[in-house]
$ cat data-v8.pdb   # PDB, C-alpha atoms and all ligand atoms
MODEL        1
ATOM      1  CA  MET A   1       0.000   0.000   0.000
ATOM      2  CA  HIS A   2       1.134   3.598  -0.567
ATOM      3  CA  ALA A   3       2.873   4.574   2.689
ATOM      4  CA  GLU A   4       1.321   8.058   2.564
ATOM      5  CA  ILE A   5      -2.136   6.482   2.510
ATOM      6  CA  VAL A   6      -1.374   3.998   5.316
ATOM      7  CA  ALA A   7      -0.184   6.976   7.389
ATOM      8  CA  ARG A   8      -3.696   8.417   7.179
ATOM      9  CA  LEU A   9      -5.490   5.213   8.208
ATOM     10  CA  ARG A  10      -6.654   4.561  11.769
ATOM     11  CA  CYS A  11      -7.456   1.323  13.577
ATOM     12  CA  PRO A  12     -11.242   0.767  13.474
ATOM     13  CA  VAL A  13     -11.100  -0.811  16.952
ATOM     14  CA  CYS A  14      -8.967   1.588  19.010
ATOM     15  CA  ARG A  15      -8.463   4.514  16.568
ATOM     16  CA  ASP A  16      -4.676   4.416  16.934
ATOM     17  CA  ALA A  17      -2.349   4.695  13.916
ATOM     18  CA  LEU A  18      -1.889   1.722  11.592
ATOM     19  CA  SER A  19       1.350   0.633  10.020
ATOM     20  CA  GLU A  20       2.148  -1.913   7.371
ATOM     21  CA  LEU A  21       3.286  -5.360   8.596
ATOM     22  CA  PRO A  22       4.015  -8.345   6.369
ATOM     23  CA  GLY A  23       0.660  -9.095   4.710
ATOM     24  CA  ALA A  24      -1.345  -6.928   7.090
ATOM     25  CA  LEU A  25      -1.897  -3.547   8.694
ATOM     26  CA  GLY A  26      -1.587  -3.375  12.471
ATOM     27  CA  CYS A  27      -1.846  -0.910  15.343
ATOM     28  CA  PRO A  28       0.346  -0.679  18.480
ATOM     29  CA  ALA A  29      -2.351  -2.456  20.532
ATOM     30  CA  GLY A  30      -2.021  -5.527  18.316
ATOM     31  CA  HIS A  31      -5.185  -5.255  16.225
ATOM     32  CA  ARG A  32      -4.373  -6.749  12.834
ATOM     33  CA  PHE A  33      -6.101  -6.457   9.485
ATOM     34  CA  ASP A  34      -4.961  -8.765   6.722
ATOM     35  CA  LEU A  35      -4.235  -7.379   3.295
ATOM     36  CA  ALA A  36      -6.440  -9.294   0.868
ATOM     37  CA  ARG A  37      -4.667 -10.876  -2.047
ATOM     38  CA  GLN A  38      -6.419  -8.340  -4.302
ATOM     39  CA  GLY A  39      -4.633  -5.574  -2.380
ATOM     40  CA  TYR A  40      -7.396  -4.034  -0.276
ATOM     41  CA  VAL A  41      -7.737  -4.223   3.491
ATOM     42  CA  ASN A  42     -10.872  -5.004   5.420
ATOM     43  CA  LEU A  43     -11.347  -2.473   8.254
ATOM     44  CA  LEU A  44     -14.911  -3.518   9.097
ATOM     45  CA  ALA A  45     -13.496  -5.049  12.298
ATOM     46  CA  GLY A  46     -15.899  -7.957  12.237
ATOM     47  CA  ARG A  47     -19.053  -5.878  11.981
ATOM     48  CA  VAL A  48     -21.543  -7.253   9.489
ATOM     49  CA  PRO A  49     -23.117  -4.324   7.668
ATOM     50  CA  ALA A  50     -26.883  -4.259   7.132
ATOM     51  CA  SER A  51     -27.077  -4.227   3.340
ATOM     52  CA  PRO A  52     -23.830  -3.902   1.434
ATOM     53  CA  ASP A  53     -24.008  -3.927  -2.349
ATOM     54  CA  THR A  54     -23.784  -7.527  -3.538
ATOM     55  CA  ALA A  55     -21.361  -8.870  -6.166
ATOM     56  CA  ASP A  56     -24.227  -8.833  -8.725
ATOM     57  CA  MET A  57     -25.067  -5.201  -7.957
ATOM     58  CA  VAL A  58     -21.400  -4.215  -8.208
ATOM     59  CA  SER A  59     -20.986  -6.041 -11.502
ATOM     60  CA  ALA A  60     -24.114  -4.329 -12.917
ATOM     61  CA  ARG A  61     -22.816  -0.942 -11.721
ATOM     62  CA  SER A  62     -19.440  -1.574 -13.261
ATOM     63  CA  SER A  63     -20.994  -2.338 -16.679
ATOM     64  CA  VAL A  64     -23.310   0.681 -16.589
ATOM     65  CA  LEU A  65     -20.429   2.979 -15.681
ATOM     66  CA  ALA A  66     -18.172   1.435 -18.341
ATOM     67  CA  ALA A  67     -20.902   2.180 -20.917
ATOM     68  CA  GLY A  68     -20.346   5.877 -20.194
ATOM     69  CA  HIS A  69     -23.898   6.758 -19.103
ATOM     70  CA  PHE A  70     -22.576   8.630 -16.052
ATOM     71  CA  ARG A  71     -19.473  10.105 -17.691
ATOM     72  CA  PRO A  72     -20.840  13.685 -17.671
ATOM     73  CA  VAL A  73     -21.425  13.390 -13.912
ATOM     74  CA  ALA A  74     -17.871  12.135 -13.380
ATOM     75  CA  ASP A  75     -16.517  14.995 -15.517
ATOM     76  CA  LEU A  76     -18.483  17.495 -13.455
ATOM     77  CA  VAL A  77     -17.165  16.033 -10.193
ATOM     78  CA  ALA A  78     -13.595  16.038 -11.533
ATOM     79  CA  ALA A  79     -13.834  19.673 -12.669
ATOM     80  CA  ALA A  80     -15.178  20.690  -9.243
ATOM     81  CA  ALA A  81     -12.408  18.707  -7.537
ATOM     82  CA  LEU A  82      -9.816  20.665  -9.462
ATOM     83  CA  GLU A  83     -11.318  23.906  -8.121
ATOM     84  CA  VAL A  84     -11.554  22.656  -4.538
ATOM     85  CA  ALA A  85      -8.136  21.001  -4.237
ATOM     86  CA  PRO A  86      -5.776  22.232  -6.944
ATOM     87  CA  GLN A  87      -2.602  21.387  -4.982
ATOM     88  CA  ASP A  88      -1.185  17.980  -4.079
ATOM     89  CA  GLY A  89      -3.211  16.168  -1.479
ATOM     90  CA  PHE A  90      -5.390  13.296  -0.430
ATOM     91  CA  VAL A  91      -8.914  12.558  -1.597
ATOM     92  CA  ALA A  92     -11.214  10.017   0.031
ATOM     93  CA  ASP A  93     -14.334   8.715  -1.726
ATOM     94  CA  VAL A  94     -16.803   7.521   0.901
ATOM     95  CA  GLY A  95     -19.243   4.939  -0.441
ATOM     96  CA  ALA A  96     -17.024   4.738  -3.525
ATOM     97  CA  GLY A  97     -18.559   1.635  -5.101
ATOM     98  CA  THR A  98     -16.224   0.584  -7.905
ATOM     99  CA  GLY A  99     -14.114   3.745  -7.564
ATOM    100  CA  TYR A 100     -15.308   5.211 -10.864
ATOM    101  CA  TYR A 101     -15.664   8.790  -9.604
ATOM    102  CA  LEU A 102     -12.468   8.634  -7.561
ATOM    103  CA  ALA A 103     -10.564   7.543 -10.674
ATOM    104  CA  ALA A 104     -12.027  10.426 -12.697
ATOM    105  CA  VAL A 105     -10.952  12.877  -9.987
ATOM    106  CA  LEU A 106      -7.441  11.437  -9.687
ATOM    107  CA  ASP A 107      -7.053  11.699 -13.465
ATOM    108  CA  ARG A 108      -7.679  15.439 -13.140
ATOM    109  CA  LEU A 109      -5.542  15.830  -9.976
ATOM    110  CA  PRO A 110      -2.156  14.328 -10.882
ATOM    111  CA  GLY A 111      -0.547  15.244  -7.532
ATOM    112  CA  HIS A 112      -3.193  13.553  -5.389
ATOM    113  CA  LEU A 113      -3.460  10.141  -3.789
ATOM    114  CA  GLY A 114      -6.883   8.606  -3.251
ATOM    115  CA  LEU A 115      -8.716   6.149  -1.048
ATOM    116  CA  ALA A 116     -11.968   4.367  -1.841
ATOM    117  CA  LEU A 117     -14.034   3.384   1.196
ATOM    118  CA  ASP A 118     -17.073   1.154   0.916
ATOM    119  CA  VAL A 119     -18.905  -1.294   3.126
ATOM    120  CA  SER A 120     -19.246  -3.812   0.292
ATOM    121  CA  THR A 121     -16.234  -6.075  -0.204
ATOM    122  CA  PRO A 122     -17.169  -6.876  -3.840
ATOM    123  CA  ALA A 123     -17.121  -3.088  -4.444
ATOM    124  CA  VAL A 124     -13.795  -2.619  -2.682
ATOM    125  CA  ARG A 125     -12.280  -5.469  -4.685
ATOM    126  CA  GLN A 126     -13.073  -3.482  -7.848
ATOM    127  CA  ALA A 127     -12.159  -0.103  -6.395
ATOM    128  CA  VAL A 128      -8.646  -1.209  -5.488
ATOM    129  CA  ARG A 129      -7.980  -1.500  -9.223
ATOM    130  CA  ALA A 130      -9.660   1.783 -10.110
ATOM    131  CA  HIS A 131      -6.518   3.934 -10.258
ATOM    132  CA  PRO A 132      -2.758   3.507  -9.744
ATOM    133  CA  ARG A 133      -2.727   6.300  -7.178
ATOM    134  CA  ALA A 134      -5.628   4.852  -5.168
ATOM    135  CA  GLU A 135      -6.044   2.252  -2.451
ATOM    136  CA  ALA A 136      -9.278   0.792  -1.134
ATOM    137  CA  VAL A 137     -10.580  -0.287   2.264
ATOM    138  CA  ALA A 138     -13.789  -1.903   3.438
ATOM    139  CA  ALA A 139     -15.276   0.374   6.082
ATOM    140  CA  ASP A 140     -18.705   1.291   7.396
ATOM    141  CA  THR A 141     -19.546   4.997   7.173
ATOM    142  CA  TRP A 142     -21.931   4.663  10.130
ATOM    143  CA  HIS A 143     -19.328   3.069  12.378
ATOM    144  CA  GLY A 144     -16.880   5.952  11.862
ATOM    145  CA  LEU A 145     -14.259   6.357   9.171
ATOM    146  CA  PRO A 146     -10.895   4.617   9.738
ATOM    147  CA  LEU A 147      -9.081   7.865   8.962
ATOM    148  CA  ALA A 148      -7.023  10.373  10.953
ATOM    149  CA  ASP A 149      -8.464  13.748  11.973
ATOM    150  CA  GLY A 150      -8.082  16.388   9.270
ATOM    151  CA  CYS A 151      -6.187  14.061   6.918
ATOM    152  CA  ALA A 152      -8.250  14.632   3.760
ATOM    153  CA  ASP A 153      -8.090  17.620   1.441
ATOM    154  CA  LEU A 154     -11.148  16.520  -0.487
ATOM    155  CA  LEU A 155     -14.027  14.150   0.231
ATOM    156  CA  LEU A 156     -16.287  12.653  -2.418
ATOM    157  CA  ASN A 157     -19.696  11.203  -1.703
ATOM    158  CA  VAL A 158     -21.636  10.022  -4.729
ATOM    159  CA  PHE A 159     -25.081   8.444  -4.265
ATOM    160  CA  ALA A 160     -23.927   7.032  -0.916
ATOM    161  CA  PRO A 161     -24.675   7.412   2.814
ATOM    162  CA  ARG A 162     -23.350  10.486   4.631
ATOM    163  CA  ASN A 163     -22.056  10.876   8.164
ATOM    164  CA  GLY A 164     -21.701  14.639   8.709
ATOM    165  CA  ALA A 165     -19.777  14.419  11.987
ATOM    166  CA  GLU A 166     -17.236  11.965  10.599
ATOM    167  CA  PHE A 167     -16.857  13.800   7.286
ATOM    168  CA  HIS A 168     -16.123  16.952   9.277
ATOM    169  CA  ARG A 169     -13.605  15.204  11.532
ATOM    170  CA  VAL A 170     -11.505  13.738   8.696
ATOM    171  CA  LEU A 171     -11.569  16.769   6.391
ATOM    172  CA  ARG A 172      -8.996  19.481   6.937
ATOM    173  CA  PRO A 173     -10.600  22.845   7.780
ATOM    174  CA  SER A 174      -9.836  24.364   4.371
ATOM    175  CA  GLY A 175     -10.872  21.220   2.482
ATOM    176  CA  GLY A 176     -14.028  20.550   0.510
ATOM    177  CA  LEU A 177     -16.771  17.953   0.363
ATOM    178  CA  LEU A 178     -18.385  17.156  -3.000
ATOM    179  CA  VAL A 179     -21.725  15.373  -2.790
ATOM    180  CA  VAL A 180     -23.725  14.012  -5.719
ATOM    181  CA  THR A 181     -27.406  13.334  -5.068
ATOM    182  CA  PRO A 182     -30.174  12.290  -7.459
ATOM    183  CA  ARG A 183     -32.871  14.841  -8.345
ATOM    184  CA  PRO A 184     -36.552  13.843  -8.358
ATOM    185  CA  ASP A 185     -36.546  13.224 -12.123
ATOM    186  CA  HIS A 186     -33.386  11.085 -12.036
ATOM    187  CA  LEU A 187     -33.902   7.993 -14.218
ATOM    188  CA  ALA A 188     -37.576   8.875 -14.609
ATOM    189  CA  GLY A 189     -37.725   6.615 -17.664
ATOM    190  CA  LEU A 190     -37.095   3.652 -15.417
ATOM    191  CA  GLU A 191     -39.808   4.455 -12.866
ATOM    192  CA  PRO A 192     -40.876   3.093 -10.508
ATOM    193  CA  PRO A 193     -37.673   1.251  -9.621
ATOM    194  CA  VAL A 194     -35.445   4.138  -8.705
ATOM    195  CA  ALA A 195     -37.779   6.233  -6.598
ATOM    196  CA  VAL A 196     -36.119   9.410  -5.315
ATOM    197  CA  ASP A 197     -37.253  10.792  -2.015
ATOM    198  CA  PRO A 198     -38.627  14.291  -2.787
ATOM    199  CA  THR A 199     -37.443  15.500   0.612
ATOM    200  CA  LYS A 200     -33.869  14.517  -0.185
ATOM    201  CA  ALA A 201     -32.627  18.113  -0.303
ATOM    202  CA  GLU A 202     -33.944  18.762   3.192
ATOM    203  CA  ARG A 203     -32.451  15.526   4.476
ATOM    204  CA  LEU A 204     -29.093  16.444   2.971
ATOM    205  CA  GLU A 205     -29.259  19.776   4.760
ATOM    206  CA  ALA A 206     -30.244  18.068   8.029
ATOM    207  CA  THR A 207     -27.363  15.578   7.954
ATOM    208  CA  LEU A 208     -24.674  17.967   6.763
ATOM    209  CA  GLY A 209     -25.965  21.396   7.903
ATOM    210  CA  PRO A 210     -24.552  21.281  11.451
ATOM    211  CA  TRP A 211     -21.086  20.486  10.107
ATOM    212  CA  PHE A 212     -20.846  22.094   6.682
ATOM    213  CA  ARG A 213     -22.072  25.152   4.843
ATOM    214  CA  LEU A 214     -23.197  24.824   1.257
ATOM    215  CA  HIS A 215     -20.706  26.663  -0.934
ATOM    216  CA  SER A 216     -22.386  26.003  -4.287
ATOM    217  CA  ALA A 217     -24.765  23.587  -5.978
ATOM    218  CA  THR A 218     -24.775  22.659  -9.660
ATOM    219  CA  GLU A 219     -27.554  20.814 -11.416
ATOM    220  CA  CYS A 220     -26.690  18.390 -14.177
ATOM    221  CA  ALA A 221     -29.327  16.732 -16.353
ATOM    222  CA  TYR A 222     -29.084  14.922 -19.682
ATOM    223  CA  GLN A 223     -30.698  12.080 -21.556
ATOM    224  CA  VAL A 224     -29.233   8.662 -22.145
ATOM    225  CA  SER A 225     -30.358   5.980 -24.543
ATOM    226  CA  LEU A 226     -30.359   2.629 -22.773
ATOM    227  CA  SER A 227     -30.432  -0.762 -24.411
ATOM    228  CA  ARG A 228     -32.650  -3.318 -22.663
ATOM    229  CA  THR A 229     -29.497  -4.831 -21.156
ATOM    230  CA  ASP A 230     -28.302  -1.471 -19.845
ATOM    231  CA  ALA A 231     -31.750  -0.745 -18.413
ATOM    232  CA  GLN A 232     -31.718  -4.108 -16.657
ATOM    233  CA  ARG A 233     -28.277  -3.417 -15.265
ATOM    234  CA  LEU A 234     -29.288   0.038 -14.081
ATOM    235  CA  VAL A 235     -32.154  -1.506 -12.141
ATOM    236  CA  ALA A 236     -29.940  -4.356 -10.915
ATOM    237  CA  MET A 237     -27.415  -1.923  -9.424
ATOM    238  CA  GLY A 238     -30.023   0.007  -7.449
ATOM    239  CA  PRO A 239     -32.232  -0.521  -4.433
ATOM    240  CA  SER A 240     -35.153  -2.050  -6.325
ATOM    241  CA  ALA A 241     -32.962  -5.076  -7.075
ATOM    242  CA  ARG A 242     -33.423  -5.789  -3.377
ATOM    243  CA  HIS A 243     -36.996  -4.623  -2.883
ATOM    244  CA  GLU A 244     -38.922  -5.685  -5.987
ATOM    245  CA  PRO A 245     -39.721  -9.408  -6.432
ATOM    246  CA  PRO A 246     -37.567 -10.730  -9.318
ATOM    247  CA  ASP A 247     -40.480 -11.911 -11.490
ATOM    248  CA  ALA A 248     -42.353  -8.587 -11.140
ATOM    249  CA  LEU A 249     -39.132  -6.781 -11.973
ATOM    250  CA  ALA A 250     -38.502  -8.959 -15.032
ATOM    251  CA  ARG A 251     -42.096  -8.416 -16.290
ATOM    252  CA  ARG A 252     -41.874  -4.672 -15.827
ATOM    253  CA  LEU A 253     -38.493  -4.444 -17.550
ATOM    254  CA  ALA A 254     -39.751  -6.514 -20.486
ATOM    255  CA  SER A 255     -42.558  -3.968 -20.968
ATOM    256  CA  LEU A 256     -40.149  -1.029 -21.334
ATOM    257  CA  PRO A 257     -39.172   0.244 -24.799
ATOM    258  CA  ASP A 258     -35.855  -0.961 -26.194
ATOM    259  CA  PRO A 259     -33.902   1.266 -26.430
ATOM    260  CA  LEU A 260     -35.260   3.383 -23.622
ATOM    261  CA  THR A 261     -34.575   7.096 -23.209
ATOM    262  CA  ALA A 262     -33.975   8.013 -19.584
ATOM    263  CA  THR A 263     -32.922  11.191 -17.836
ATOM    264  CA  VAL A 264     -29.862  11.334 -15.645
ATOM    265  CA  SER A 265     -30.520  14.216 -13.274
ATOM    266  CA  VAL A 266     -28.328  15.009 -10.304
ATOM    267  CA  THR A 267     -27.128  17.823  -8.092
ATOM    268  CA  LEU A 268     -23.457  18.285  -7.304
ATOM    269  CA  SER A 269     -23.108  20.152  -4.008
ATOM    270  CA  HIS A 270     -19.845  21.613  -2.781
ATOM    271  CA  TYR A 271     -19.713  21.924   1.000
ATOM    272  CA  ALA A 272     -17.089  23.692   3.107
ATOM    273  CA  PRO A 273     -16.475  22.696   6.730
ATOM    274  CA  ARG A 274     -17.954  25.043   9.376
TER     275      ARG A 274
HETATM  276  C1  LIG B   1     -25.563   3.750  -5.038
HETATM  277  S1  LIG B   1     -23.968   3.072  -4.666
HETATM  278  C2  LIG B   1     -22.865   4.350  -5.238
HETATM  279  C3  LIG B   1     -21.472   3.865  -5.492
HETATM  280  C4  LIG B   1     -20.551   4.857  -6.203
HETATM  281  N1  LIG B   1     -20.367   6.077  -5.432
HETATM  282  C5  LIG B   1     -21.116   5.174  -7.562
HETATM  283  O1  LIG B   1     -21.860   6.171  -7.670
HETATM  284  O2  LIG B   1     -20.830   4.437  -8.501
HETATM  285  C6  LIG B   1     -23.908   3.244  -2.913
HETATM  286  C7  LIG B   1     -22.641   2.678  -2.326
HETATM  287  O3  LIG B   1     -22.617   2.941  -0.925
HETATM  288  C8  LIG B   1     -22.145   1.806  -0.271
HETATM  289  N2  LIG B   1     -22.613   1.835   1.114
HETATM  290  C9  LIG B   1     -23.865   1.597   1.579
HETATM  291  N3  LIG B   1     -23.904   1.707   2.925
HETATM  292  C10 LIG B   1     -22.635   2.034   3.311
HETATM  293  C11 LIG B   1     -22.020   2.257   4.574
HETATM  294  N4  LIG B   1     -22.719   2.192   5.706
HETATM  295  N5  LIG B   1     -20.698   2.544   4.612
HETATM  296  C12 LIG B   1     -19.972   2.611   3.463
HETATM  297  N6  LIG B   1     -20.500   2.404   2.243
HETATM  298  C13 LIG B   1     -21.809   2.115   2.160
HETATM  299  C14 LIG B   1     -22.700   0.647  -1.075
HETATM  300  O4  LIG B   1     -22.008  -0.572  -0.846
HETATM  301  C15 LIG B   1     -22.546   1.168  -2.500
HETATM  302  O5  LIG B   1     -21.299   0.832  -3.060
HETATM  303 ZN    ZN B   2      -6.144  -0.925  17.392
ENDMDL
END

$ encode --input "data-v8.pdb" --output "structure tokens" --more "lines below"
Ligand SMILES: C[S@@+](CC[C@H](N)C(=O)[O-])C[C@H]1O[C@@H](n2cnc3c(N)ncnc32)[C@H](O)[C@@H]1O
Ligand SMILES: [Zn+2]
Amino acid sequence: MHAEIVARLRCPVCRDALSELPGALGCPAGHRFDLARQGYVNLLAGRVPASPDTADMVSARSSVLAAGHFRPVADLVAAAALEVAPQDGFVADVGAGTGYYLAAVLDRLPGHLGLALDVSTPAVRQAVRAHPRAEAVAADTWHGLPLADGCADLLLNVFAPRNGAEFHRVLRPSGGLLVVTPRPDHLAGLEPPVAVDPTKAERLEATLGPWFRLHSATECAYQVSLSRTDAQRLVAMGPSARHEPPDALARRLASLPDPLTATVSVTLSHYAPR
């Protein structure tokens, strides 16, 4: 692992510093976390998360992202990252999935190192390969991030859970937090599977408001043409893959036009620590 990234990691059990041992990371108290053969480290500390993305969901996400349907969103995030953190530094993507957005940001920030954090080990296994300047760890955002205070210059959070107190703790005071959230018309062509909570903006403000002030918000909306396979994958990577019975889902998908025009519609919010 990049030594500069290990230096920023903290033991998920006792919060002390971690250092690299043969085949593992360890803290002075003797807590040890094996390096997986794929190169990531599991810092879940034995906690079994409620609903991590499954291997099937991660594989569907990977294909949809590779098809380029979310490229404009990644470009927008990368351009904002360049404004927030133009110098060398460290960027952490919390709820990174396959590391697609982190990789786009690192491509635009050649002096930065990056870390993908996600509760899903299938996701982390992909994310560790996302970029040569990135590492990946399995970690639960709700349990607290396994990162040192003030160690990050930039935090990314794309369609993933937010922990305002922890984001604030690990971000340096002059750093920035970039959050991508779906707008109510996001993927409207695929309704009802990807239902967006209309109160999302208020919830975002409630979770982050005590810790961050909104610096700017940019809306991004465009249309994508989805083959039946892409539409199926888009549904398979989202929450309805869990909630909708498979046969009902299959029937509904079969009734959609092929190709299907859908709207990608998101808000990119740039927050500064209070
Ligand atoms: C909708 S996906 C977004 C992934 C990625 N940011 C992207 O847009 O491609 C949400 C991600 O959050 C992760 N996640 C869910 N709960 C989490 C938690 N408590 N801690 C860390 N990651 C979590 C999931 O495993 C999944 O990879
Ligand atoms: Zn420890």

$ residues_near_ligand --input "data-v8.pdb" --ligand "ligand ZN 2 (chain B)" --cutoff "8 Å" --atoms "only C-alpha atoms and all ligand atoms" --output "PyMOL selection string"
chain A and resi 10-18+26-32

$ atom_distance --input "data-v8.pdb" --atom1 "CA of Ala134 (chain A)" --atom2 "CA of Leu113 (chain A)"
5.9 Å

$ residues_around --input "data-v8.pdb" --residues "Cys220 (chain A)" --least-positions-apart "5" --cutoff "9 Å" --atoms "all atoms listed in the file" --output "ChimeraX atom specification"
/A:72-73,76,264-268

$ residues_near_point --input "data-v8.pdb" --point "(-7.8, 14.6, 18.0)" --cutoff "12 Å" --atoms "only C-alpha atoms" --output "PyMOL selection string"
chain A and resi 10+15-16+147-151+169-170

$ residues_around --input "data-v8.pdb" --residues "region 229-240 of chain A" --least-positions-apart "6" --cutoff "8 Å" --atoms "only C-alpha atoms" --output "mmCIF file with C-alpha atoms, keeping the file's coordinate frame"
data_model
loop_
_atom_site.group_PDB
_atom_site.id
_atom_site.type_symbol
_atom_site.label_atom_id
_atom_site.label_comp_id
_atom_site.auth_asym_id
_atom_site.auth_seq_id
_atom_site.Cartn_x
_atom_site.Cartn_y
_atom_site.Cartn_z
ATOM 1 C CA ASP A 56 -24.227 -8.833 -8.725
ATOM 2 C CA MET A 57 -25.067 -5.201 -7.957
ATOM 3 C CA VAL A 58 -21.400 -4.215 -8.208
ATOM 4 C CA SER A 59 -20.986 -6.041 -11.502
ATOM 5 C CA ALA A 60 -24.114 -4.329 -12.917
ATOM 6 C CA ARG A 61 -22.816 -0.942 -11.721
ATOM 7 C CA SER A 63 -20.994 -2.338 -16.679
ATOM 8 C CA VAL A 64 -23.310 0.681 -16.589
ATOM 9 C CA LEU A 190 -37.095 3.652 -15.417
ATOM 10 C CA PRO A 193 -37.673 1.251 -9.621
ATOM 11 C CA VAL A 194 -35.445 4.138 -8.705
ATOM 12 C CA LEU A 253 -38.493 -4.444 -17.550
ATOM 13 C CA LEU A 260 -35.260 3.383 -23.622
#

$ residues_near_ligand --input "data-v8.pdb" --ligand "ligand LIG 1 (chain B)" --cutoff "9 Å" --atoms "only C-alpha atoms and all ligand atoms" --output "ChimeraX atom specification"
/A:49-54,57-58,61-62,65,70,93-102,117-124,138-145,156-162,180,237-239

$ residues_around --input "data-v8.pdb" --residues "Ala92 (chain A)" --least-positions-apart "4" --cutoff "7 Å" --atoms "all atoms listed in the file" --output "PDB file with C-alpha atoms, in the frame of the given file"
ATOM      1  CA  GLY A 114      -6.883   8.606  -3.251  1.00  0.00           C
ATOM      2  CA  LEU A 115      -8.716   6.149  -1.048  1.00  0.00           C
ATOM      3  CA  ALA A 116     -11.968   4.367  -1.841  1.00  0.00           C
ATOM      4  CA  ALA A 152      -8.250  14.632   3.760  1.00  0.00           C
ATOM      5  CA  LEU A 154     -11.148  16.520  -0.487  1.00  0.00           C
ATOM      6  CA  LEU A 155     -14.027  14.150   0.231  1.00  0.00           C
ATOM      7  CA  LEU A 156     -16.287  12.653  -2.418  1.00  0.00           C
TER       8      LEU A 156
END

$ resolve_selection --input "data-v8.pdb" --expression "the PyMOL selection byres (((chain A and resi 202-211) around 12) and not hetatm)" --output "ChimeraX atom specification"
/A:157,159-171,173,176-182,197-201,212-215,267-274

$ resolve_selection --input "data-v8.pdb" --expression "the PyMOL selection byres (((chain A and resi 128) around 8) and not hetatm)" --output "list of chain:residue names"
A:Gln38, A:Gly39, A:Tyr40, A:Gly99, A:Ala116, A:Val124, A:Arg125, A:Gln126, A:Ala127, A:Arg129, A:Ala130, A:His131, A:Ala134, A:Glu135, A:Ala136

$ atom_distance --input "data-v8.pdb" --atom1 "CA of Val105 (chain A)" --atom2 "CA of Arg183 (chain A)"
22.1 Å

$ residues_around --input "data-v8.pdb" --residues "Gly189 (chain A)" --least-positions-apart "6" --cutoff "10 Å" --atoms "all atoms listed in the file" --output "tab-separated table (two decimals) with C-alpha atoms, in the frame of the given file"
chain	number	residue	atom	x	y	z
A	223	GLN	CA	-30.70	12.08	-21.56
A	224	VAL	CA	-29.23	8.66	-22.14
A	226	LEU	CA	-30.36	2.63	-22.77
A	231	ALA	CA	-31.75	-0.74	-18.41
A	256	LEU	CA	-40.15	-1.03	-21.33
A	257	PRO	CA	-39.17	0.24	-24.80
A	260	LEU	CA	-35.26	3.38	-23.62
A	261	THR	CA	-34.58	7.10	-23.21
A	262	ALA	CA	-33.98	8.01	-19.58
A	263	THR	CA	-32.92	11.19	-17.84
A	264	VAL	CA	-29.86	11.33	-15.64

$ decode --input "data-v8.pdb" --residues "region 233-244 of chain A" --atoms "N, CA and C atoms" --output "PDB file, in the first residue's frame"
ATOM      1  N   ARG A 233     -29.422  -3.583 -16.171  1.00  0.00           N
ATOM      2  CA  ARG A 233     -28.277  -3.417 -15.265  1.00  0.00           C
ATOM      3  C   ARG A 233     -28.479  -2.218 -14.339  1.00  0.00           C
ATOM      4  N   LEU A 234     -29.053  -1.149 -14.906  1.00  0.00           N
ATOM      5  CA  LEU A 234     -29.288   0.038 -14.081  1.00  0.00           C
ATOM      6  C   LEU A 234     -30.222  -0.287 -12.924  1.00  0.00           C
ATOM      7  N   VAL A 235     -31.237  -1.106 -13.208  1.00  0.00           N
ATOM      8  CA  VAL A 235     -32.154  -1.506 -12.141  1.00  0.00           C
ATOM      9  C   VAL A 235     -31.443  -2.458 -11.177  1.00  0.00           C
ATOM     10  N   ALA A 236     -30.621  -3.353 -11.751  1.00  0.00           N
ATOM     11  CA  ALA A 236     -29.940  -4.356 -10.915  1.00  0.00           C
ATOM     12  C   ALA A 236     -28.922  -3.732  -9.968  1.00  0.00           C
ATOM     13  N   MET A 237     -28.428  -2.525 -10.291  1.00  0.00           N
ATOM     14  CA  MET A 237     -27.415  -1.923  -9.424  1.00  0.00           C
ATOM     15  C   MET A 237     -28.049  -1.055  -8.345  1.00  0.00           C
ATOM     16  N   GLY A 238     -29.367  -0.908  -8.385  1.00  0.00           N
ATOM     17  CA  GLY A 238     -30.023   0.007  -7.449  1.00  0.00           C
ATOM     18  C   GLY A 238     -30.829  -0.719  -6.388  1.00  0.00           C
ATOM     19  N   PRO A 239     -31.518   0.060  -5.569  1.00  0.00           N
ATOM     20  CA  PRO A 239     -32.232  -0.521  -4.433  1.00  0.00           C
ATOM     21  C   PRO A 239     -33.383  -1.439  -4.820  1.00  0.00           C
ATOM     22  N   SER A 240     -34.000  -1.211  -5.990  1.00  0.00           N
ATOM     23  CA  SER A 240     -35.153  -2.050  -6.325  1.00  0.00           C
ATOM     24  C   SER A 240     -34.749  -3.491  -6.587  1.00  0.00           C
ATOM     25  N   ALA A 241     -33.436  -3.704  -6.901  1.00  0.00           N
ATOM     26  CA  ALA A 241     -32.962  -5.076  -7.075  1.00  0.00           C
ATOM     27  C   ALA A 241     -33.195  -5.863  -5.788  1.00  0.00           C
ATOM     28  N   ARG A 242     -33.190  -5.135  -4.666  1.00  0.00           N
ATOM     29  CA  ARG A 242     -33.423  -5.789  -3.377  1.00  0.00           C
ATOM     30  C   ARG A 242     -34.905  -5.854  -3.035  1.00  0.00           C
ATOM     31  N   HIS A 243     -35.644  -4.781  -3.415  1.00  0.00           N
ATOM     32  CA  HIS A 243     -36.996  -4.623  -2.883  1.00  0.00           C
ATOM     33  C   HIS A 243     -38.088  -5.197  -3.778  1.00  0.00           C
ATOM     34  N   GLU A 244     -37.855  -5.256  -5.086  1.00  0.00           N
ATOM     35  CA  GLU A 244     -38.922  -5.685  -5.987  1.00  0.00           C
ATOM     36  C   GLU A 244     -38.769  -7.183  -6.268  1.00  0.00           C
TER      37      GLU A 244
END
